[in-house]
file structure-v7.txt (compact mmCIF, C-alpha atoms)
# COMPACT_ATOMS: atom_id res chain seq x y z
CA MET A 1 -1.29 8.88 35.63
CA PRO A 2 2.49 8.55 35.19
CA PHE A 3 3.86 7.84 31.75
CA THR A 4 4.97 4.37 30.76
CA ILE A 5 6.89 3.48 27.62
CA ASP A 6 3.64 2.09 26.23
CA SER A 7 1.67 5.28 26.83
CA ALA A 8 4.61 7.38 25.61
CA ARG A 9 4.41 5.63 22.24
CA ASN A 10 1.08 7.36 21.61
CA ILE A 11 2.25 10.98 21.68
CA PHE A 12 1.41 12.89 18.48
CA PRO A 13 -0.85 10.00 17.44
CA ASN A 14 -1.81 11.35 14.04
CA THR A 15 1.75 11.07 12.72
CA LEU A 16 1.33 9.05 9.58
CA ALA A 17 4.12 6.49 9.31
CA ALA A 18 4.90 4.54 6.16
CA ASP A 19 2.76 1.47 6.83
CA ALA A 20 3.55 0.32 3.30
CA VAL A 21 7.02 -0.67 4.55
CA PRO A 22 6.12 -3.41 7.05
CA ALA A 23 3.23 -4.50 4.83
CA THR A 24 5.54 -4.89 1.83
CA ILE A 25 8.05 -6.82 3.93
CA ALA A 26 5.27 -9.20 4.96
CA ARG A 27 4.30 -9.76 1.33
CA PHE A 28 7.96 -10.20 0.39
CA GLY A 29 8.24 -12.94 3.01
CA GLN A 30 5.52 -14.96 1.26
CA LEU A 31 7.63 -15.34 -1.87
CA SER A 32 9.89 -18.26 -2.73
CA ALA A 33 13.60 -17.92 -1.95
CA GLU A 34 14.48 -17.67 -5.66
CA ASP A 35 11.90 -14.94 -6.15
CA GLN A 36 13.16 -13.04 -3.11
CA LEU A 37 16.76 -13.09 -4.33
CA ALA A 38 15.81 -12.12 -7.86
CA LEU A 39 13.53 -9.37 -6.61
CA ILE A 40 16.27 -7.86 -4.45
CA TRP A 41 18.60 -7.98 -7.45
CA PHE A 42 16.11 -6.34 -9.82
CA ALA A 43 15.17 -3.71 -7.25
CA TYR A 44 18.86 -2.98 -6.63
CA LEU A 45 19.39 -2.50 -10.39
CA GLU A 46 16.28 -0.36 -10.75
CA MET A 47 17.10 1.85 -7.78
CA GLY A 48 20.70 2.17 -8.92
CA LYS A 49 19.40 4.19 -11.88
CA THR A 50 18.50 7.12 -9.64
CA ILE A 51 20.34 6.67 -6.36
CA THR A 52 24.00 6.10 -5.66
CA ILE A 53 25.18 3.48 -3.22
CA ALA A 54 28.37 4.29 -1.35
CA ALA A 55 30.85 1.43 -1.11
CA PRO A 56 31.37 0.22 2.47
CA GLY A 57 34.74 0.89 4.05
CA ALA A 58 37.35 -1.80 4.64
CA ALA A 59 36.76 -1.59 8.38
CA SER A 60 33.24 -2.98 8.04
CA MET A 61 34.01 -5.34 5.13
CA GLN A 62 36.69 -7.25 7.06
CA PHE A 63 34.09 -9.30 8.95
CA ALA A 64 32.28 -10.62 5.91
CA GLU A 65 35.53 -11.22 4.01
CA GLN A 66 36.08 -14.78 5.19
CA THR A 67 32.58 -15.84 4.17
CA ILE A 68 32.95 -14.16 0.78
CA GLN A 69 36.22 -16.05 0.23
CA GLN A 70 34.53 -19.32 1.17
CA MET A 71 31.83 -18.64 -1.39
CA LEU A 72 34.30 -17.70 -4.12
CA ALA A 73 35.81 -21.19 -3.73
CA MET A 74 32.41 -22.87 -4.29
CA THR A 75 30.72 -23.98 -7.49
CA PRO A 76 28.03 -21.65 -8.85
CA LEU A 77 25.36 -24.10 -7.72
CA GLU A 78 26.75 -24.12 -4.18
CA GLN A 79 26.92 -20.33 -4.20
CA SER A 80 23.24 -20.09 -5.18
CA GLN A 81 22.42 -22.60 -2.48
CA VAL A 82 24.14 -20.43 0.14
CA MET A 83 22.09 -17.44 -0.92
CA CYS A 84 18.85 -19.43 -0.84
CA ASP A 85 19.79 -20.86 2.55
CA LEU A 86 20.21 -17.35 3.91
CA VAL A 87 16.79 -16.32 2.62
CA ASN A 88 15.24 -19.49 4.03
CA ARG A 89 16.84 -18.83 7.42
CA ALA A 90 18.34 -22.33 7.25
CA ASP A 91 20.51 -23.71 10.02
CA THR A 92 23.87 -23.76 8.26
CA PRO A 93 27.31 -22.62 9.41
CA ILE A 94 27.12 -19.57 7.12
CA GLY A 95 23.54 -18.92 8.29
CA ARG A 96 24.74 -18.87 11.88
CA THR A 97 27.70 -16.63 11.07
CA TYR A 98 25.45 -14.24 9.17
CA ALA A 99 23.07 -14.09 12.12
CA THR A 100 25.79 -12.67 14.37
CA TRP A 101 26.53 -9.77 12.02
CA SER A 102 25.27 -6.27 12.67
CA VAL A 103 23.11 -4.58 10.03
CA ASN A 104 25.97 -2.83 8.30
CA VAL A 105 28.08 -6.00 8.06
CA LYS A 106 25.09 -7.80 6.48
CA LEU A 107 24.51 -4.95 4.03
CA GLY A 108 28.21 -4.86 3.17
CA PHE A 109 28.17 -8.60 2.51
CA TRP A 110 25.32 -8.30 0.01
CA TYR A 111 26.85 -5.21 -1.55
CA GLU A 112 30.02 -7.24 -2.18
CA LEU A 113 28.05 -10.23 -3.48
CA GLY A 114 26.25 -7.89 -5.87
CA ARG A 115 29.57 -6.59 -7.17
CA LEU A 116 30.92 -10.11 -7.58
CA MET A 117 27.71 -11.19 -9.34
CA GLU A 118 28.15 -8.32 -11.79
CA GLN A 119 31.70 -9.53 -12.39
CA GLY A 120 30.54 -13.12 -12.90
CA ARG A 121 32.57 -14.42 -9.95
CA ILE A 122 29.48 -15.33 -7.94
CA ALA A 123 26.48 -17.11 -9.51
CA PRO A 124 24.18 -14.47 -10.95
CA ILE A 125 20.40 -14.46 -11.06
CA PRO A 126 19.74 -16.74 -14.08
CA GLN A 127 19.55 -14.99 -17.42
CA GLY A 128 15.95 -14.24 -18.34
CA TYR A 129 14.64 -15.16 -14.86
CA LYS A 130 10.98 -14.20 -14.65
CA LEU A 131 9.54 -13.18 -11.30
CA SER A 132 6.31 -14.94 -10.39
CA ALA A 133 3.17 -12.81 -10.58
CA ASN A 134 3.19 -12.38 -6.80
CA ALA A 135 6.85 -11.36 -6.80
CA ASN A 136 6.26 -8.98 -9.67
CA ALA A 137 3.42 -7.36 -7.73
CA VAL A 138 5.72 -6.85 -4.73
CA PHE A 139 8.43 -5.50 -7.03
CA GLN A 140 6.00 -2.98 -8.54
CA THR A 141 4.99 -1.89 -5.05
CA ILE A 142 8.62 -1.37 -4.05
CA ILE A 143 9.55 0.71 -7.04
CA GLY A 144 6.44 2.82 -6.44
CA LEU A 145 7.59 3.77 -2.93
CA ASP A 146 9.64 6.87 -2.24
CA PRO A 147 13.39 6.17 -2.07
CA GLY A 148 13.57 6.35 1.72
CA GLN A 149 10.89 3.67 1.97
CA GLN A 150 12.47 1.57 -0.79
CA ILE A 151 15.81 1.38 0.96
CA THR A 152 14.06 0.53 4.24
CA VAL A 153 12.20 -2.40 2.66
CA LEU A 154 15.39 -3.80 1.12
CA ARG A 155 17.36 -3.19 4.28
CA ASN A 156 14.78 -5.11 6.31
CA ALA A 157 14.84 -7.97 3.81
CA VAL A 158 18.61 -8.28 4.28
CA VAL A 159 18.42 -7.96 8.07
CA ASP A 160 15.80 -10.71 8.33
CA MET A 161 17.98 -13.30 6.57
CA GLY A 162 20.22 -15.89 8.19
CA TYR A 163 19.52 -18.26 11.03
CA ASP A 164 17.08 -17.12 13.70
CA THR A 165 19.16 -15.64 16.53
CA SER A 166 16.53 -16.55 19.11
CA LYS A 167 17.49 -20.18 18.49
CA MET A 168 21.18 -19.55 18.97
CA GLY A 169 21.68 -19.06 22.68
CA ASN A 170 24.50 -16.68 23.57
CA PHE A 171 26.55 -15.16 20.80
CA LYS A 172 28.66 -12.11 20.28
CA THR A 173 27.45 -9.55 17.74
CA VAL A 174 30.00 -8.80 15.07
CA ALA A 175 29.86 -5.12 14.25
CA GLU A 176 32.04 -2.59 12.52
CA PRO A 177 34.34 -0.63 14.83
CA VAL A 178 32.86 2.38 16.58
CA VAL A 179 34.17 5.57 15.00
CA PRO A 180 35.44 8.26 17.33
CA PRO A 181 33.29 11.35 17.82
CA LYS A 182 33.97 14.18 15.39
CA GLU A 183 36.39 16.90 16.36
CA ILE A 184 34.70 20.02 17.67
CA SER A 185 35.81 21.92 14.58
CA GLN A 186 34.05 19.33 12.38
CA ARG A 187 30.73 19.49 14.19
CA THR A 188 27.61 21.10 12.81
CA GLN A 189 24.75 22.77 14.63
CA VAL A 190 21.18 22.08 13.63
CA LYS A 191 18.58 24.80 13.49
CA ILE A 192 14.99 23.69 14.00
CA GLU A 193 12.17 26.12 13.25
CA GLY A 194 9.97 26.39 16.33
CA ILE A 195 12.31 24.46 18.64
CA ASP A 196 15.02 25.77 20.95
CA ASN A 197 14.86 23.00 23.55
CA PRO A 198 18.50 22.22 24.44
CA THR A 199 17.92 18.46 24.85
CA ILE A 200 16.52 18.19 21.34
CA ILE A 201 19.26 20.32 19.82
CA SER A 202 21.92 18.29 21.68
CA TYR A 203 20.35 15.00 20.57
CA MET A 204 20.61 16.02 16.93
CA ASN A 205 24.08 17.57 17.17
CA ASN A 206 25.60 14.69 19.17
CA LEU A 207 24.18 12.06 16.86
CA ASN A 208 25.50 13.96 13.85
CA ALA A 209 28.90 14.07 15.56
CA ASN A 210 28.89 10.31 16.39
CA ASP A 211 29.24 11.41 20.04
CA PHE A 212 27.26 8.53 21.49
CA GLU A 213 28.66 8.94 25.00
CA SER A 214 27.29 12.48 25.27
CA LEU A 215 24.12 11.48 23.47
CA ILE A 216 23.20 8.70 25.89
CA GLU A 217 23.51 11.08 28.86
CA LEU A 218 20.47 12.90 27.50
CA PHE A 219 18.36 9.86 28.36
CA THR A 220 16.80 8.83 31.65
CA PRO A 221 18.17 5.48 32.95
CA ASP A 222 14.88 3.74 32.05
CA GLY A 223 14.50 5.72 28.84
CA ALA A 224 13.67 4.15 25.51
CA LEU A 225 14.23 4.70 21.81
CA GLN A 226 11.85 3.29 19.23
CA PRO A 227 13.36 2.86 15.75
CA PRO A 228 11.04 2.86 12.72
CA PHE A 229 8.66 -0.13 12.71
CA ARG A 230 10.29 -1.71 15.74
CA ARG A 231 9.54 -2.20 19.41
CA PRO A 232 11.10 0.27 21.84
CA ILE A 233 14.68 -0.39 22.92
CA VAL A 234 14.64 0.19 26.67
CA GLY A 235 17.48 1.22 28.98
CA LYS A 236 20.58 3.36 28.47
CA ASP A 237 22.95 0.43 27.83
CA GLU A 238 20.71 -1.04 25.16
CA VAL A 239 20.06 2.33 23.52
CA LEU A 240 23.82 3.06 23.50
CA GLN A 241 24.49 -0.28 21.82
CA PHE A 242 21.86 0.56 19.21
CA PHE A 243 23.51 3.92 18.50
CA ARG A 244 26.93 2.28 18.11
CA GLU A 245 25.74 -0.54 15.87
CA GLU A 246 23.21 1.19 13.67
CA CYS A 247 23.59 4.95 13.86
CA GLN A 248 27.17 5.73 12.88
CA ASN A 249 27.64 8.50 10.35
CA LEU A 250 23.97 9.34 10.03
CA GLN A 251 23.15 12.84 8.90
CA LEU A 252 20.10 14.19 10.70
CA ILE A 253 18.59 17.28 9.07
CA PRO A 254 15.68 18.35 11.28
CA GLU A 255 13.61 21.17 9.84
CA ARG A 256 10.75 22.18 12.07
CA GLY A 257 9.01 21.18 15.27
CA VAL A 258 6.44 21.85 17.93
CA ALA A 259 6.76 21.55 21.71
CA GLU A 260 3.98 21.41 24.23
CA PRO A 261 3.46 20.45 27.85
CA ALA A 262 2.26 16.95 28.63
CA GLU A 263 0.99 15.48 31.93
CA ASP A 264 2.99 15.50 35.16
CA GLY A 265 5.45 18.17 34.07
CA PHE A 266 6.61 16.19 31.02
CA THR A 267 7.12 17.87 27.65
CA GLN A 268 6.22 16.35 24.30
CA ILE A 269 8.06 17.50 21.21
CA LYS A 270 7.66 16.54 17.59
CA VAL A 271 10.30 17.37 15.03
CA THR A 272 10.18 16.56 11.33
CA GLY A 273 12.94 16.61 8.76
CA LYS A 274 15.26 14.39 6.77
CA CYS A 275 17.80 11.76 7.63
CA GLN A 276 20.60 10.47 5.42
CA THR A 277 22.49 7.23 5.91
CA PRO A 278 26.14 6.67 5.01
CA TRP A 279 25.07 4.07 2.42
CA PHE A 280 23.33 6.62 0.22
CA SER A 281 24.40 10.03 1.57
CA ALA A 282 22.54 12.90 -0.02
CA SER A 283 21.08 10.75 -2.79
CA VAL A 284 18.38 9.55 -0.37
CA GLY A 285 16.81 11.77 2.26
CA MET A 286 14.39 9.79 4.39
CA ASN A 287 11.35 11.74 5.62
CA ILE A 288 11.40 11.38 9.38
CA ALA A 289 9.45 12.45 12.44
CA TRP A 290 11.10 12.39 15.85
CA ARG A 291 8.59 12.27 18.72
CA PHE A 292 10.18 13.03 22.08
CA LEU A 293 8.82 12.81 25.59
CA LEU A 294 11.04 14.66 28.05
CA ASP A 295 10.75 14.29 31.81
CA PRO A 296 10.45 17.38 34.07
CA GLN A 297 14.28 17.57 34.21
CA GLY A 298 14.45 17.71 30.42
CA LYS A 299 15.85 14.19 30.00
CA ILE A 300 14.60 11.91 27.24
CA PHE A 301 12.20 9.32 28.64
CA PHE A 302 11.12 8.24 25.19
CA VAL A 303 11.90 9.04 21.58
CA ALA A 304 10.24 7.43 18.57
CA ILE A 305 11.71 7.78 15.11
CA ASP A 306 9.06 7.34 12.43
CA LEU A 307 9.60 6.94 8.71
CA LEU A 308 6.85 9.12 7.28
CA ALA A 309 4.28 8.03 4.72
CA SER A 310 4.92 10.98 2.42
CA PRO A 311 6.77 14.31 2.19
CA LYS A 312 3.60 16.18 3.13
CA GLU A 313 3.80 14.58 6.56
CA LEU A 314 6.88 16.76 7.13
CA LEU A 315 4.48 19.68 7.57
CA ASN A 316 2.16 17.80 9.93
CA LEU A 317 2.90 19.18 13.36
CA ALA A 318 -0.67 18.91 14.59
CA ARG A 319 -1.34 17.46 17.96
CA MET B 1 10.03 -27.26 -28.03
CA GLN B 2 7.91 -29.66 -26.00
CA PRO B 3 5.55 -31.99 -27.83
CA ASN B 4 1.84 -31.41 -27.10
CA THR B 5 2.37 -27.72 -26.30
CA PRO B 6 -0.65 -26.01 -27.82
CA GLN B 7 0.04 -23.10 -30.10
CA TRP B 8 -1.76 -19.87 -29.36
CA SER B 9 -2.53 -17.59 -32.27
CA ASP B 10 -2.38 -13.83 -31.77
CA ARG B 11 -6.18 -13.72 -31.83
CA GLU B 12 -6.38 -16.42 -29.14
CA LYS B 13 -3.88 -14.59 -26.96
CA GLU B 14 -6.03 -11.50 -27.34
CA ILE B 15 -9.15 -13.43 -26.30
CA ALA B 16 -7.36 -14.80 -23.25
CA ARG B 17 -6.07 -11.33 -22.30
CA GLU B 18 -9.53 -9.79 -22.60
CA ALA B 19 -11.05 -12.58 -20.55
CA LEU B 20 -8.46 -12.10 -17.81
CA SER B 21 -9.06 -8.38 -17.86
CA LYS B 22 -12.84 -8.78 -17.55
CA ALA B 23 -12.49 -11.29 -14.74
CA TYR B 24 -10.07 -8.99 -12.89
CA VAL B 25 -12.51 -6.08 -13.00
CA ARG B 26 -15.35 -8.30 -11.80
CA GLU B 27 -13.35 -9.85 -8.98
CA THR B 28 -11.89 -6.59 -7.72
CA GLU B 29 -15.24 -4.78 -7.86
CA ALA B 30 -16.86 -7.64 -5.97
CA LEU B 31 -14.07 -7.48 -3.38
CA ILE B 32 -14.59 -3.75 -2.88
CA ALA B 33 -18.31 -4.26 -2.31
CA GLU B 34 -17.63 -7.19 0.01
CA ILE B 35 -15.09 -5.31 2.14
CA ARG B 36 -17.40 -2.30 2.47
CA GLN B 37 -20.08 -4.64 3.70
CA LYS B 38 -17.80 -6.60 6.06
CA SER B 39 -16.31 -3.46 7.58
CA SER B 40 -19.71 -2.01 8.36
CA GLN B 41 -20.30 -5.09 10.53
CA ILE B 42 -17.16 -4.82 12.60
CA SER B 43 -17.97 -4.69 16.29
CA LYS B 44 -14.95 -6.07 18.11
CA ILE B 45 -11.19 -5.97 17.76
CA ASN B 46 -10.94 -9.58 16.58
CA ASP B 47 -13.22 -8.64 13.67
CA ILE B 48 -10.53 -6.16 12.62
CA TRP B 49 -7.71 -8.71 12.83
CA SER B 50 -9.79 -11.25 10.89
CA LEU B 51 -10.40 -8.63 8.24
CA ASN B 52 -6.66 -7.92 8.14
CA ASP B 53 -5.91 -11.61 7.58
CA TYR B 54 -8.64 -11.84 4.97
CA LEU B 55 -7.31 -8.82 3.07
CA SER B 56 -3.76 -10.16 3.13
CA ALA B 57 -4.94 -13.49 1.76
CA ARG B 58 -7.07 -11.84 -0.94
CA ARG B 59 -4.18 -9.66 -2.02
CA TYR B 60 -1.80 -12.59 -2.28
CA ASP B 61 -4.42 -14.49 -4.27
CA ILE B 62 -5.28 -11.68 -6.66
CA ASP B 63 -1.65 -10.58 -7.12
CA GLY B 64 -0.72 -14.11 -8.11
CA LYS B 65 -3.65 -15.11 -10.25
CA TYR B 66 -3.87 -12.66 -13.14
CA ASP B 67 -0.60 -13.28 -14.89
CA ASP B 68 -1.13 -12.27 -18.50
CA ARG B 69 2.53 -12.85 -19.22
CA ASP B 70 1.91 -16.55 -18.70
CA SER B 71 2.24 -18.39 -22.00
CA MET B 72 -0.15 -21.14 -20.83
CA PRO B 73 -3.25 -19.42 -19.48
CA ILE B 74 -5.38 -22.59 -19.59
CA PHE B 75 -5.08 -23.13 -15.84
CA VAL B 76 -5.86 -19.52 -14.93
CA LEU B 77 -8.88 -19.42 -17.25
CA ALA B 78 -10.20 -22.70 -15.82
CA ARG B 79 -9.85 -21.41 -12.30
CA LEU B 80 -11.62 -18.16 -13.12
CA ILE B 81 -14.54 -20.08 -14.62
CA GLN B 82 -14.63 -22.35 -11.58
CA GLU B 83 -14.71 -19.32 -9.28
CA GLY B 84 -17.41 -17.64 -11.34
CA TRP B 85 -15.44 -14.65 -12.62
CA LEU B 86 -15.71 -15.87 -16.21
CA ASP B 87 -18.24 -17.69 -18.29
CA SER B 88 -16.99 -20.37 -20.66
CA GLU B 89 -18.85 -18.60 -23.48
CA GLU B 90 -16.40 -15.74 -23.14
CA LEU B 91 -13.70 -18.05 -24.45
CA ALA B 92 -15.43 -18.40 -27.82
CA GLY B 93 -12.78 -18.12 -30.48
CA LEU B 94 -10.30 -20.44 -28.77
CA THR B 95 -9.70 -23.78 -30.50
CA PRO B 96 -12.05 -26.60 -29.43
CA ASP B 97 -9.27 -28.58 -27.76
CA LYS B 98 -8.31 -25.61 -25.61
CA ARG B 99 -11.95 -25.01 -24.63
CA ALA B 100 -12.30 -28.70 -23.77
CA LYS B 101 -9.21 -28.58 -21.54
CA VAL B 102 -10.49 -25.49 -19.77
CA ALA B 103 -13.91 -27.08 -19.30
CA ALA B 104 -12.38 -30.27 -17.90
CA LEU B 105 -10.19 -28.37 -15.45
CA ALA B 106 -13.04 -26.07 -14.45
CA SER B 107 -15.26 -28.97 -13.51
CA MET B 108 -12.72 -30.64 -11.24
call {"tool": "encode", "arguments": {"input": "structure-v7.txt", "output": "structure tokens"}}
result
Amino acid sequence: MPFTIDSARNIFPNTLAADAVPATIARFGQLSAEDQLALIWFAYLEMGKTITIAAPGAASMQFAEQTIQQMLAMTPLEQSQVMCDLVNRADTPIGRTYATWSVNVKLGFWYELGRLMEQGRIAPIPQGYKLSANANAVFQTIIGLDPGQQITVLRNAVVDMGYDTSKMGNFKTVAEPVVPPKEISQRTQVKIEGIDNPTIISYMNNLNANDFESLIELFTPDGALQPPFRRPIVGKDEVLQFFREECQNLQLIPERGVAEPAEDGFTQIKVTGKCQTPWFSASVGMNIAWRFLLDPQGKIFFVAIDLLASPKELLNLAR
Amino acid sequence: MQPNTPQWSDREKEIAREALSKAYVRETEALIAEIRQKSSQISKINDIWSLNDYLSARRYDIDGKYDDRDSMPIFVLARLIQEGWLDSEELAGLTPDKRAKVAALASM
């Protein structure tokens, strides 16, 4: 039976992903807007004790700048209302603007708001604010997760805010500029124990070099990429757009892998290792599994990226 | 300070905390036994999804209910008595007016 994207998703089925992440996001969504904002703030402060957040560059901050300026001109009450409106996914002009932003523009916006809140130029979380018992339970869960899972929960909370794009008809995504690929002299080569498959090695090296044009050529035209906790993104154009919007300046550090034949001349390959994002660099290494299904010509028909449940999953290369 | 806010002595706060703690153990142990039982009766996929919904609702309920940082536990205590996780006798040591309020709320 030929592979479909759906059947491809089941390769290496005993890979244990961090189910706590989507579950915690669901619980977070049940909280009031005030609780959600306060929780993000407290989690940000707590995490800041052990991990370092890198300031976004001017190139990505330019898009949120106008909205930040608008907010700076508002009263504190209006500023708080804007933040609550974003959490509530309200239909407001700022909510609609926010909805068009790529992930990194959204994250940069909140990073800047956080800075301005610390400086007292944007309304802070009220002094002595007490999280509800439900919010406190979610907060305790978050700080009990490993750092890679923590940042994923908070990232998803930020991404989910703003007006619902499915209600917006056509719009143009606002994303930071695409960086050029690294110079050959700047590129690194990964070394993966147990894997010498050239497609896999090229995938890792090209992504590390921001060479998305070369990277996408490794895929079949109907190929798909499945990010953590999301549905597969299908088709070369869509996957390329995903790379450009969400995968710039990642640092993939694969460690080990296993390759074996699958049906119909396909090959299934699982690699585990770490991944760093430009927001946190080496201060957070996410534990990742990459599950590839290559067609008989060695092109990527499917790749799933899983955020692992624990570091011991890095050693799980069982079928 | 609001008028009519009851004062809680340290001893009363201790009684309330112990009562919450006892009720929590009872409720969570009962939930464990209940889920074991329910899961042994699963026969179709919709049973699993119902169980998922049930667990999510129970978690939200339990996470939100036992707030011992709350300075006015009257409502929580009343609810726990109403649900059967506490007996009103376990609140012996609270002032009569507090016990009366709890009893009134619990019988609603």
call {"tool": "interface_residues", "arguments": {"input": "structure-v7.txt", "of": "chain B", "to": "chain A", "cutoff": "8 Å", "atoms": "only C-alpha atoms", "output": "MDAnalysis selection string"}}
result
chainID B and resid 60 63:67
call {"tool": "residues_around", "arguments": {"input": "structure-v7.txt", "residues": "Tyr24 in chain B", "least_positions_apart": "4", "cutoff": "8 Å", "atoms": "all atoms listed in the file", "output": "list in words"}}
result
Leu20, Thr28, Tyr66 and Trp85 of chain B
call {"tool": "residues_around", "arguments": {"input": "structure-v7.txt", "residues": "range 33-36 of chain B", "least_positions_apart": "4", "cutoff": "12 Å", "atoms": "all atoms listed in the file", "output": "PyMOL selection string"}}
result
chain B and resi 26-29+40-42+48+50-52+54-55+58
call {"tool": "closest_residue", "arguments": {"input": "structure-v7.txt", "among": "A:Thr67, A:Thr165, A:Gln36, A:Thr267", "to": "Val303 in chain A", "atoms": "all atoms listed in the file"}}
result
A:Thr267
call {"tool": "residues_around", "arguments": {"input": "structure-v7.txt", "residues": "Lys236 in chain A", "least_positions_apart": "3", "cutoff": "6 Å", "atoms": "all atoms listed in the file", "output": "list in words"}}
result
Pro221, Val239 and Leu240 of chain A
call {"tool": "closest_residue", "arguments": {"input": "structure-v7.txt", "among": "B:Ser56, B:Ser43, B:Leu94, B:Trp49", "to": "Arg17 in chain B", "atoms": "all atoms listed in the file"}}
result
B:Leu94
call {"tool": "atom_distance", "arguments": {"input": "structure-v7.txt", "atom1": "CA of Met286 in chain A", "atom2": "CA of Ile25 in chain A"}}
result
17.8 Å
call {"tool": "atom_distance", "arguments": {"input": "structure-v7.txt", "atom1": "CA of Ala30 in chain B", "atom2": "CA of Leu86 in chain B"}}
result
13.2 Å
call {"tool": "atom_distance", "arguments": {"input": "structure-v7.txt", "atom1": "CA of Gly57 in chain A", "atom2": "CA of Gly108 in chain A"}}
result
8.7 Å
call {"tool": "residues_around", "arguments": {"input": "structure-v7.txt", "residues": "Leu91 in chain B", "least_positions_apart": "5", "cutoff": "8 Å", "atoms": "all atoms listed in the file", "output": "list in words"}}
result
Ile15, Ala16, Ala19 and Arg99 of chain B
call {"tool": "residues_around", "arguments": {"input": "structure-v7.txt", "residues": "Ile201 in chain A", "least_positions_apart": "5", "cutoff": "10 Å", "atoms": "only C-alpha atoms", "output": "VMD selection string"}}
result
chain A and resid 189 to 192 195 to 196 206 254
call {"tool": "closest_residue", "arguments": {"input": "structure-v7.txt", "among": "A:Gly29, A:Pro181, A:Pro227, A:Pro278", "to": "Leu207 in chain A", "atoms": "all atoms listed in the file"}}
result
A:Pro181
call {"tool": "residues_near_point", "arguments": {"input": "structure-v7.txt", "point": "(-8.0, -29.7, -13.9)", "cutoff": "12 Å", "atoms": "all atoms listed in the file", "output": "JSON, numbers by chain"}}
result
{"B": [74, 75, 76, 77, 78, 79, 81, 82, 100, 101, 102, 103, 104, 105, 106, 107, 108]}
call {"tool": "closest_residue", "arguments": {"input": "structure-v7.txt", "among": "A:Thr97, A:Gln186, A:Gln241, A:Asn208", "to": "Met168 in chain A", "atoms": "all atoms listed in the file"}}
result
A:Thr97
call {"tool": "decode", "arguments": {"input": "structure-v7.txt", "residues": "range 39-82 of chain B", "atoms": "C-alpha atoms", "output": "CSV table (one decimal), in the first residue's frame"}}
result
chain,number,residue,atom,x,y,z
B,39,SER,CA,-11.2,2.7,32.1
B,40,SER,CA,-11.7,-1.0,32.6
B,41,GLN,CA,-15.1,-0.5,31.0
B,42,ILE,CA,-13.9,1.2,27.9
B,43,SER,CA,-15.0,-0.6,24.7
B,44,LYS,CA,-15.2,2.0,22.0
B,45,ILE,CA,-13.3,5.0,20.9
B,46,ASN,CA,-16.0,7.4,22.0
B,47,ASP,CA,-15.6,6.0,25.5
B,48,ILE,CA,-12.0,7.2,25.4
B,49,TRP,CA,-12.9,10.7,24.3
B,50,SER,CA,-15.6,11.0,26.9
B,51,LEU,CA,-13.1,9.9,29.5
B,52,ASN,CA,-10.7,12.6,28.2
B,53,ASP,CA,-13.4,15.3,28.6
B,54,TYR,CA,-14.3,14.0,32.0
B,55,LEU,CA,-10.6,14.1,33.2
B,56,SER,CA,-10.2,17.6,31.8
B,57,ALA,CA,-13.3,18.8,33.7
B,58,ARG,CA,-12.2,17.0,36.9
B,59,ARG,CA,-8.8,18.5,36.7
B,60,TYR,CA,-10.1,22.0,36.2
B,61,ASP,CA,-12.5,21.5,39.1
B,62,ILE,CA,-10.0,20.1,41.5
B,63,ASP,CA,-7.2,22.6,40.5
B,64,GLY,CA,-9.6,25.5,41.3
B,65,LYS,CA,-11.3,24.3,44.4
B,66,TYR,CA,-8.7,23.7,47.0
B,67,ASP,CA,-7.3,27.2,47.5
B,68,ASP,CA,-5.9,27.3,51.0
B,69,ARG,CA,-4.5,30.8,50.3
B,70,ASP,CA,-8.1,32.0,50.2
B,71,SER,CA,-8.8,34.2,53.2
B,72,MET,CA,-12.5,33.4,53.1
B,73,PRO,CA,-12.8,29.6,53.0
B,74,ILE,CA,-16.5,29.5,54.0
B,75,PHE,CA,-17.6,28.9,50.4
B,76,VAL,CA,-15.1,26.2,49.7
B,77,LEU,CA,-15.9,24.4,53.0
B,78,ALA,CA,-19.6,24.6,52.3
B,79,ARG,CA,-19.1,23.1,48.9
B,80,LEU,CA,-17.0,20.3,50.2
B,81,ILE,CA,-19.7,19.4,52.7
B,82,GLN,CA,-22.3,19.5,50.0
